[in-house]
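Asker: See input.cif below, with mmCIF, C-alpha atoms and all ligand atoms.
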```
data_data
loop_
_atom_site.label_atom_id
_atom_site.label_comp_id
_atom_site.auth_asym_id
_atom_site.auth_seq_id
_atom_site.Cartn_x
_atom_site.Cartn_y
_atom_site.Cartn_z
CA MET M 1 90.53 129.73 95.99
CA LYS M 2 90.93 127.11 93.25
CA ILE M 3 91.18 123.45 94.22
CA GLY M 4 91.80 120.74 91.64
CA VAL M 5 90.00 117.41 91.34
CA LEU M 6 91.75 114.73 89.31
CA ALA M 7 89.12 114.04 86.64
CA LEU M 8 90.46 111.00 84.77
CA GLN M 9 88.03 108.39 86.13
CA GLY M 10 85.84 107.79 89.19
CA SER M 11 83.80 110.00 91.53
CA PHE M 12 85.31 113.34 90.58
CA ARG M 13 81.96 115.05 89.87
CA GLU M 14 80.83 114.43 93.43
CA HIS M 15 84.01 116.05 94.78
CA VAL M 16 83.42 119.03 92.47
CA THR M 17 79.94 119.41 93.98
CA MET M 18 81.34 119.21 97.53
CA LEU M 19 83.92 121.91 96.79
CA LYS M 20 81.20 124.19 95.42
CA LYS M 21 79.25 123.65 98.65
CA CYS M 22 82.39 124.74 100.53
CA ASN M 23 82.49 127.97 98.47
CA VAL M 24 85.78 127.25 96.75
CA GLU M 25 86.31 126.99 93.00
CA PRO M 26 86.80 123.43 91.69
CA VAL M 27 89.09 122.80 88.70
CA GLU M 28 88.90 119.49 86.82
CA VAL M 29 92.44 118.26 86.29
CA ARG M 30 93.11 116.18 83.16
CA LYS M 31 96.54 117.32 82.02
CA PRO M 32 99.69 118.64 83.72
CA GLU M 33 98.92 122.33 82.90
CA ASP M 34 95.65 122.06 84.83
CA LEU M 35 97.73 121.89 88.02
CA ASP M 36 99.19 125.34 87.45
CA ASN M 37 96.83 127.59 89.37
CA ILE M 38 95.42 125.31 92.05
CA TYR M 39 96.16 125.34 95.77
CA GLY M 40 95.33 121.71 96.53
CA LEU M 41 94.34 118.51 94.72
CA ILE M 42 91.71 115.84 95.41
CA ILE M 43 92.23 112.36 93.98
CA PRO M 44 88.81 110.64 93.87
CA GLY M 45 87.67 107.08 94.33
CA GLY M 46 87.28 104.84 91.30
CA GLU M 47 89.62 102.18 89.96
CA SER M 48 93.15 102.87 91.10
CA THR M 49 94.62 100.80 88.25
CA ALA M 50 92.73 102.83 85.63
CA ILE M 51 93.49 106.21 87.24
CA GLY M 52 97.15 105.25 87.72
CA LYS M 53 97.54 104.21 84.10
CA LEU M 54 95.91 107.39 82.77
CA MET M 55 97.99 109.49 85.17
CA ARG M 56 101.18 107.94 83.88
CA GLU M 57 100.21 108.23 80.21
CA SER M 58 99.48 111.94 80.59
CA ASP M 59 102.61 112.58 82.70
CA LEU M 60 100.35 113.88 85.43
CA ASP M 61 102.01 111.63 88.02
CA ARG M 62 105.38 113.38 87.72
CA GLU M 63 103.79 116.81 87.82
CA ILE M 64 101.62 115.96 90.85
CA ILE M 65 104.71 114.77 92.74
CA ARG M 66 106.60 117.92 91.73
CA LYS M 67 103.76 120.18 92.92
CA TYR M 68 103.43 118.22 96.15
CA GLU M 69 107.14 118.73 96.81
CA LEU M 70 106.57 122.46 96.28
CA GLY M 71 103.87 122.40 98.99
CA MET M 72 100.57 121.50 97.29
CA PRO M 73 98.33 119.52 99.71
CA ILE M 74 96.62 116.39 98.38
CA TYR M 75 93.51 114.55 99.59
CA GLY M 76 92.92 111.00 98.30
CA THR M 77 89.67 109.07 98.80
CA CYS M 78 89.64 105.28 98.47
CA ALA M 79 91.32 104.63 95.07
CA GLY M 80 92.96 108.02 95.68
CA ALA M 81 94.40 106.68 98.95
CA ILE M 82 95.74 103.63 97.08
CA LEU M 83 97.38 105.89 94.50
CA LEU M 84 99.09 107.91 97.24
CA ALA M 85 100.46 104.89 99.15
CA LYS M 86 104.15 103.97 99.23
CA ASP M 87 103.26 100.30 99.13
CA VAL M 88 100.25 98.55 97.54
CA VAL M 89 100.40 94.95 98.75
CA GLY M 90 100.83 92.41 95.95
CA GLU M 91 100.34 94.91 93.11
CA LYS M 92 102.63 96.55 90.65
CA GLN M 93 100.36 99.36 89.55
CA PRO M 94 101.57 102.88 88.76
CA ASN M 95 101.15 105.16 91.76
CA LEU M 96 102.50 108.28 93.45
CA GLY M 97 104.11 106.66 96.51
CA LEU M 98 103.93 109.73 98.75
CA MET M 99 102.14 108.46 101.86
CA ASN M 100 103.95 106.25 104.37
CA ILE M 101 101.43 103.44 104.43
CA SER M 102 101.08 99.92 103.19
CA ILE M 103 97.60 99.33 101.77
CA LYS M 104 95.79 96.29 100.38
CA ARG M 105 93.07 96.65 97.76
CA ASN M 106 89.54 95.23 98.10
CA GLU M 107 90.23 93.84 101.54
CA TYR M 108 86.77 93.84 103.12
CA GLY M 109 85.74 90.77 101.12
CA ARG M 110 82.74 90.11 98.92
CA GLN M 111 80.07 89.81 101.59
CA VAL M 112 80.66 93.29 102.90
CA ASP M 113 82.27 94.91 99.92
CA SER M 114 80.15 98.02 100.44
CA PHE M 115 78.86 99.29 103.78
CA GLU M 116 78.40 102.40 105.84
CA THR M 117 79.09 103.12 109.47
CA ASN M 118 79.27 106.18 111.73
CA LEU M 119 82.79 106.80 113.00
CA ASN M 120 84.48 109.36 115.23
CA ILE M 121 87.11 111.49 113.54
CA SER M 122 89.73 113.27 115.61
CA GLY M 123 88.96 116.96 115.92
CA PHE M 124 85.32 116.51 114.79
CA GLU M 125 82.56 117.03 117.34
CA LYS M 126 80.05 114.56 115.94
CA PRO M 127 80.52 111.18 114.19
CA PHE M 128 80.78 111.04 110.40
CA LYS M 129 78.79 108.71 108.14
CA CYS M 130 81.56 106.76 106.40
CA ILE M 131 80.63 104.99 103.15
CA PHE M 132 83.01 102.22 102.10
CA ILE M 133 82.86 100.82 98.55
CA ARG M 134 85.22 97.95 97.77
CA ALA M 135 87.57 99.76 100.07
CA PRO M 136 91.23 98.97 100.72
CA VAL M 137 92.65 98.30 104.18
CA ILE M 138 95.67 100.12 105.58
CA ASN M 139 97.87 97.36 107.02
CA SER M 140 100.72 99.44 108.38
CA PHE M 141 102.05 102.97 108.53
CA TYR M 142 105.21 104.75 109.59
CA ASN M 143 107.07 108.08 109.74
CA GLY M 144 104.54 110.76 110.42
CA ALA M 145 101.33 109.17 109.14
CA LYS M 146 98.77 109.90 111.88
CA ILE M 147 95.44 108.17 112.42
CA MET M 148 92.34 110.41 112.31
CA ALA M 149 89.74 107.63 112.30
CA GLU M 150 89.73 103.87 112.56
CA PHE M 151 87.39 100.96 112.00
CA LYS M 152 87.96 97.51 113.50
CA ASN M 153 91.42 98.55 114.68
CA LYS M 154 92.62 99.63 111.24
CA PRO M 155 93.08 103.26 110.19
CA VAL M 156 90.52 104.52 107.68
CA MET M 157 91.50 108.18 107.69
CA MET M 158 95.06 109.47 108.09
CA GLN M 159 97.09 112.61 107.69
CA GLN M 160 100.80 113.02 107.02
CA ASP M 161 101.92 116.64 106.70
CA ASN M 162 100.15 117.89 103.57
CA ILE M 163 98.52 114.61 102.63
CA LEU M 164 95.09 113.50 103.78
CA ILE M 165 93.57 110.13 102.92
CA SER M 166 90.34 108.32 103.66
CA THR M 167 89.41 104.82 102.54
CA PHE M 168 85.75 105.90 102.57
CA HIS M 169 83.79 108.41 100.45
CA PRO M 170 82.68 111.69 102.10
CA GLU M 171 81.78 113.03 98.64
CA LEU M 172 78.82 110.62 98.60
CA THR M 173 77.28 112.28 101.68
CA ASP M 174 76.00 115.80 102.35
CA ASP M 175 78.57 116.28 105.08
CA ILE M 176 81.21 118.80 104.05
CA ARG M 177 83.34 118.63 107.21
CA ILE M 178 86.21 116.57 105.74
CA HIS M 179 86.41 118.77 102.65
CA LYS M 180 86.44 121.79 105.00
CA HIS M 181 89.27 120.18 106.97
CA PHE M 182 91.24 119.77 103.73
CA ILE M 183 90.57 123.41 102.81
CA ASP M 184 91.85 124.41 106.28
CA MET M 185 95.03 122.38 105.65
CA ILE M 186 95.53 124.35 102.41
CA LYS M 187 94.88 127.69 104.14
CA LYS M 188 97.36 126.87 106.93
CA GLY M 189 100.06 126.06 104.39
CA ALA M 190 99.39 129.32 102.55
CA GLU M 191 99.75 131.51 105.69
N1 LIG P 1 88.53 98.86 94.63
C1 LIG P 1 89.05 100.06 94.05
C2 LIG P 1 90.54 99.92 93.74
O1 LIG P 1 91.13 99.00 94.16
C3 LIG P 1 88.82 101.25 94.96
C4 LIG P 1 87.34 101.43 95.17
C5 LIG P 1 86.92 102.84 95.37
O2 LIG P 1 87.63 103.81 95.10
N2 LIG P 1 85.71 102.99 95.83
O3 LIG P 1 91.11 100.73 93.09
#
```
Take the structure in this file and express it as structure tokens.
Ligand code: GLN

Answerer:
Amino acid sequence: MKIGVLALQGSFREHVTMLKKCNVEPVEVRKPEDLDNIYGLIIPGGESTAIGKLMRESDLDREIIRKYELGMPIYGTCAGAILLAKDVVGEKQPNLGLMNISIKRNEYGRQVDSFETNLNISGFEKPFKCIFIRAPVINSFYNGAKIMAEFKNKPVMMQQDNILISTFHPELTDDIRIHKHFIDMIKKGAE
């Protein structure tokens, strides 16, 4: 099974490695045609402003939305979660606007702008090491966005139908459980 990783900027190589560990075939997505034969798409962490701009310039944003509407699941990590949000507080950056959340960039503040912590994730037996790097905070959510994990009373992992987001970076660990969960979402949709 082919799964795409948006490869415009950010931690896409690490997601490619994770997908290989999960025994699926990663496809680096740089132009709209690259979306043709994939069953799901990962949007990596990085700089959401840079990724958003490049996505718009290459027309990938429109094609990603079109494929999503045809049933393609999407998983966004950190900047990827920002790019999927309906509302990015105080910003006018290009994004996909598919996930019913309001998110604020770089909200953990300078002192703790990067940290890691073990969190419980719904449906997972053991805690997951969550690595946050200049992460955004999800301030509010509505219509079908469900919490899968939270930190200090704010969601850090959520799912809404075919969209999964985390404000942390599982691709920087050796733990493939979240990528496996995303692959399961894709398989369920394909049944
Ligand atoms: N701070 C970045 C942004 O606002 C996100 C950081 C990340 O993806 N690790 O886009």

Asker: Which residue gives the smallest distance to Gly40 in chain M among M:Arg177, M:Lys2, M:Lys92, M:Lys152, with all atoms listed in the file counted?

Answerer: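 Among M:Arg177, M:Lys2, M:Lys92, M:Lys152, it is M:Lys2 that comes nearest to Gly40 in chain M.
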
Asker: List the neighbours of Asp87 in chain M out to 8 Å using only C-alpha atoms; skip same-chain residues closer than 2 positions along the sequence, and give me the result as a ChimeraX atom specification.

Answerer: /M:85,89,97,100-103

Asker: Neighbouring residues of ligand LIG 1 (chain P) are defined here as those with any atom at most 8 Å from a ligand atom, counting only C-alpha atoms and all ligand atoms; list them as a PyMOL selection string.

Answerer: chain M and resi 10+44-50+77-80+82+105-106+132-136+167-169

Asker: At what distance in Å, to one decimal, does CA of Ile131 in chain M lie from CA of Thr117 in chain M?

Answerer: 6.8 Å

Asker: Calculated over all atoms listed in the file, which of the candidates M:Tyr39, M:Phe182, M:Phe151, M:Phe12 has the smallest distance to Leu119 in chain M?

Answerer: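 Answer, going by the shortest atom-to-atom distance: M:Phe151.
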
Asker: List the spatial neighbours of Lys20 in chain M as a list of chain:residue names - criterion: any atom at most 12 Å away, all atoms listed in the file, same-chain residues fewer than 3 positions off excluded.

Answerer: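 Contacts, in chain order: M:Met1, M:Lys2, M:Ile3, M:Gly4, M:Val5, M:Arg13, M:Glu14, M:His15, M:Val16, M:Thr17, M:Asn23, M:Val24, M:Glu25, M:Pro26, M:Val27, M:Glu171, M:Ile176, M:His179, M:Lys180, M:Ile183.
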
Asker: Can you tell me which residues surround Gly76 in chain M at a distance of at most 6 Å, considering all atoms listed in the file, apart from same-chain residues fewer than 2 positions away, and format the answer as a compact mmCIF listing (two decimals) with C-alpha atoms, in the coordinates of the input?

Answerer:
```txt
# COMPACT_ATOMS: atom_id res chain seq x y z
CA ILE M 42 91.71 115.84 95.41
CA ILE M 43 92.23 112.36 93.98
CA GLY M 80 92.96 108.02 95.68
CA ALA M 81 94.40 106.68 98.95
CA ILE M 165 93.57 110.13 102.92
```

Asker: Skipping near chain neighbours, those fewer than 5 positions away, what residues fall within 9 Å of Met157 in chain M using all atoms listed in the file, listed as an MDAnalysis selection string?

Answerer: chainID M and resid 121 146:150 164:168

Asker: Dig up all the protein and nucleic acid residues within 8 Å of (103.8, 104.6, 107.7) in the file frame, using all atoms listed in the file, and format them as a PyMOL selection string.

Answerer: chain M and resi 99-102+140-145

Asker: Rank nothing, just name the residue among M:Gln9, M:Thr173, M:Asn118, M:Asn162 nearest to Met72 in chain M, using only C-alpha atoms.

Answerer: M:Asn162

Asker: Which residue is closest to Lys188 in chain M? Choose from M:Met55, M:Asp161, M:Pro127, M:Asn153 and count all atoms listed in the file.

Answerer: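 Of the candidates, the smallest distance to Lys188 in chain M is held by M:Asp161.
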
Asker: With distances taken over all atoms listed in the file, which of M:Lys129, M:Lys53, M:Lys154, M:Arg30 is nearest to Asp175 in chain M?

Answerer: M:Lys129

Asker: Go through M:Val137, M:Ile65, M:Leu83, M:Val88 and flag the residue nearest Glu107 in chain M, using only C-alpha atoms for the distances.

Answerer: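 Once distances to Glu107 in chain M are computed over only C-alpha atoms, the minimum belongs to M:Val137.
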
Asker: Mind pulling up the distance from CA of Leu172 in chain M to CA of Asp61 in chain M?

Answerer: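 Pair CA of Asp61 in chain M / CA of Leu172 in chain M returns 25.5 Å.
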
Asker: Rounded to one decimal in Å, what is the spacing between CA of Met158 in chain M and CA of Glu28 in chain M?

Answerer: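 Answer for the CA of Met158 in chain M to CA of Glu28 in chain M separation: 24.3 Å.
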